[in-house]
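Structure record follows, encoded as structure tokens.
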Amino acid sequence: MKMTTEACHSLLFKKPPSHMTQTQFIQTFSGIYEHSPWAAEQLWQSGIDESFDTINTFHTKIMDIVNNADYNQKMELIRKHPDLAGKAALKGTLTPSSTHEQSSAGLDQCSEEELEQFHQANQAYQSRFGFPFIMAVRHSNRYEILAAFKERLLNTHEEEFNRAMEEIHKIALFRLQDL
């Protein structure tokens, strides 16, 4: 039985964050935002109580930390995300979470022609916006992702910056649900 997003939000973590040591907390949550442990570190420093034991509250609180970061820190977070079906995926150097997410969308099963389409789309997007295309690809497939590239290349820089942050928060929620 598949749970709705709302049902997942009210779920408790298997190991409650409020019962973790600082080291356990940072180790557990440092990968929620790609290569950006600072979000979990700042969340810990803000003080953790039992309300953080639900995915909904935890996600809201860590999103607030990221949303309150300055523009440069957000841009750095965006730029830490790998290209979809890009060089890191082909070399096998993605984080385990990114590997799982990309394979769930079938990006590990692309034909040579599809890989070339992704390569061209990644380059066009990077040239236009100065950061990688970000999409929470879970529950998508490679055809939907390629269509999204084409659609989003028409957006302004500000629209894509904001969209990238929205997608990053979706990715963080998926990763929290996986814990």
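Naming works like this for the structure tokens: A, B, ... for the chains as they're shown, residue 1 at the start of each chain, ligands 1 onward in shown order.
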Quick one: contact table of stretch 11-125 of chain A to stretch 173-176 of chain A, 8 Å max, nearest atom pair and distance in Å to one decimal per residue, counting only C-alpha atoms, chain and number order, as a tab-separated table?
residue	atom	partner	partner_atom	distance
A:Ile32	CA	A:Arg175	CA	5.9
A:Ile55	CA	A:Leu176	CA	6.8
A:His59	CA	A:Leu173	CA	6.4
A:Ser97	CA	A:Arg175	CA	7.4
Might you pull out every residue within 12 Å of A:Asp178, with only C-alpha atoms counted and same-chain residues fewer than 3 positions away left off, and present them as an mmCIF file with C-alpha atoms, in the first residue's frame?
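Wrote it out as selection.cif, contents follow:
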data_model
loop_
_atom_site.group_PDB
_atom_site.id
_atom_site.type_symbol
_atom_site.label_atom_id
_atom_site.label_comp_id
_atom_site.auth_asym_id
_atom_site.auth_seq_id
_atom_site.Cartn_x
_atom_site.Cartn_y
_atom_site.Cartn_z
ATOM 1 C CA CYS A 8 4.424 10.162 5.433
ATOM 2 C CA HIS A 9 4.777 13.635 6.929
ATOM 3 C CA LEU A 11 5.363 9.458 10.516
ATOM 4 C CA LEU A 12 7.905 9.186 13.262
ATOM 5 C CA PHE A 13 11.533 8.427 12.552
ATOM 6 C CA LYS A 14 12.711 4.905 13.413
ATOM 7 C CA THR A 28 22.205 10.626 10.223
ATOM 8 C CA PHE A 29 21.063 13.909 8.697
ATOM 9 C CA GLY A 31 23.242 13.938 3.669
ATOM 10 C CA ILE A 32 19.676 15.224 3.550
ATOM 11 C CA ILE A 55 9.168 13.860 9.546
ATOM 12 C CA PRO A 96 24.315 6.548 -2.453
ATOM 13 C CA SER A 97 21.170 8.702 -2.196
ATOM 14 C CA HIS A 100 19.200 5.480 -5.746
ATOM 15 C CA GLU A 101 17.199 8.507 -6.886
ATOM 16 C CA ARG A 138 11.696 9.956 -7.789
ATOM 17 C CA ILE A 171 14.677 15.656 -2.484
ATOM 18 C CA ALA A 172 15.349 16.316 1.217
ATOM 19 C CA LEU A 173 11.849 15.113 2.105
ATOM 20 C CA PHE A 174 12.313 11.910 0.103
ATOM 21 C CA ARG A 175 15.622 11.309 1.868
#
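Restricting the calculation to only C-alpha atoms, the smallest distance between A:Asn67 and any of A:Gln27, A:Asn162, A:Leu107, A:Leu179 is found for A:Asn162.
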**Request:** Would you list, as an NGL selection string, the residues of stretch 98-130 of chain A that end up in helix (DSSP H, G or I) under DSSP run on this structure's backbone?
**Result:** :A and (98-104 or 107-109 or 112-129)
**Request:** Find the residues near A:Glu158: any atom within 10 Å, counting only C-alpha atoms, skip ones fewer than 5 places away on the same chain, and give them as number ranges by chain.
**Result:** A: 129, 163-164
With all heavy atoms kept, could you save the residues just selected as a JSON list (two decimals), in the first residue's frame?
[["chain", "number", "residue", "atom", "x", "y", "z"],
["A", 129, "PHE", "N", 21.95, 28.95, -17.07],
["A", 129, "PHE", "CA", 21.69, 29.35, -15.70],
["A", 129, "PHE", "C", 22.91, 29.37, -14.78],
["A", 129, "PHE", "O", 22.86, 29.97, -13.71],
["A", 129, "PHE", "CB", 20.60, 28.46, -15.09],
["A", 129, "PHE", "CG", 19.29, 28.55, -15.82],
["A", 129, "PHE", "CD1", 18.83, 27.49, -16.57],
["A", 129, "PHE", "CD2", 18.53, 29.71, -15.79],
["A", 129, "PHE", "CE1", 17.63, 27.57, -17.26],
["A", 129, "PHE", "CE2", 17.33, 29.82, -16.47],
["A", 129, "PHE", "CZ", 16.88, 28.75, -17.21],
["A", 163, "ARG", "N", 13.02, 27.41, -8.44],
["A", 163, "ARG", "CA", 12.59, 26.03, -8.72],
["A", 163, "ARG", "C", 13.61, 25.03, -8.21],
["A", 163, "ARG", "O", 13.26, 23.99, -7.65],
["A", 163, "ARG", "CB", 12.36, 25.86, -10.24],
["A", 163, "ARG", "CG", 11.93, 24.49, -10.68],
["A", 163, "ARG", "CD", 10.51, 24.14, -10.18],
["A", 163, "ARG", "NE", 10.12, 22.82, -10.58],
["A", 163, "ARG", "CZ", 9.44, 22.52, -11.67],
["A", 163, "ARG", "NH1", 9.07, 23.46, -12.51],
["A", 163, "ARG", "NH2", 9.13, 21.27, -11.94],
["A", 164, "ALA", "N", 14.89, 25.35, -8.40],
["A", 164, "ALA", "CA", 15.95, 24.46, -7.91],
["A", 164, "ALA", "C", 15.83, 24.29, -6.40],
["A", 164, "ALA", "O", 15.93, 23.16, -5.88],
["A", 164, "ALA", "CB", 17.32, 25.01, -8.27]]
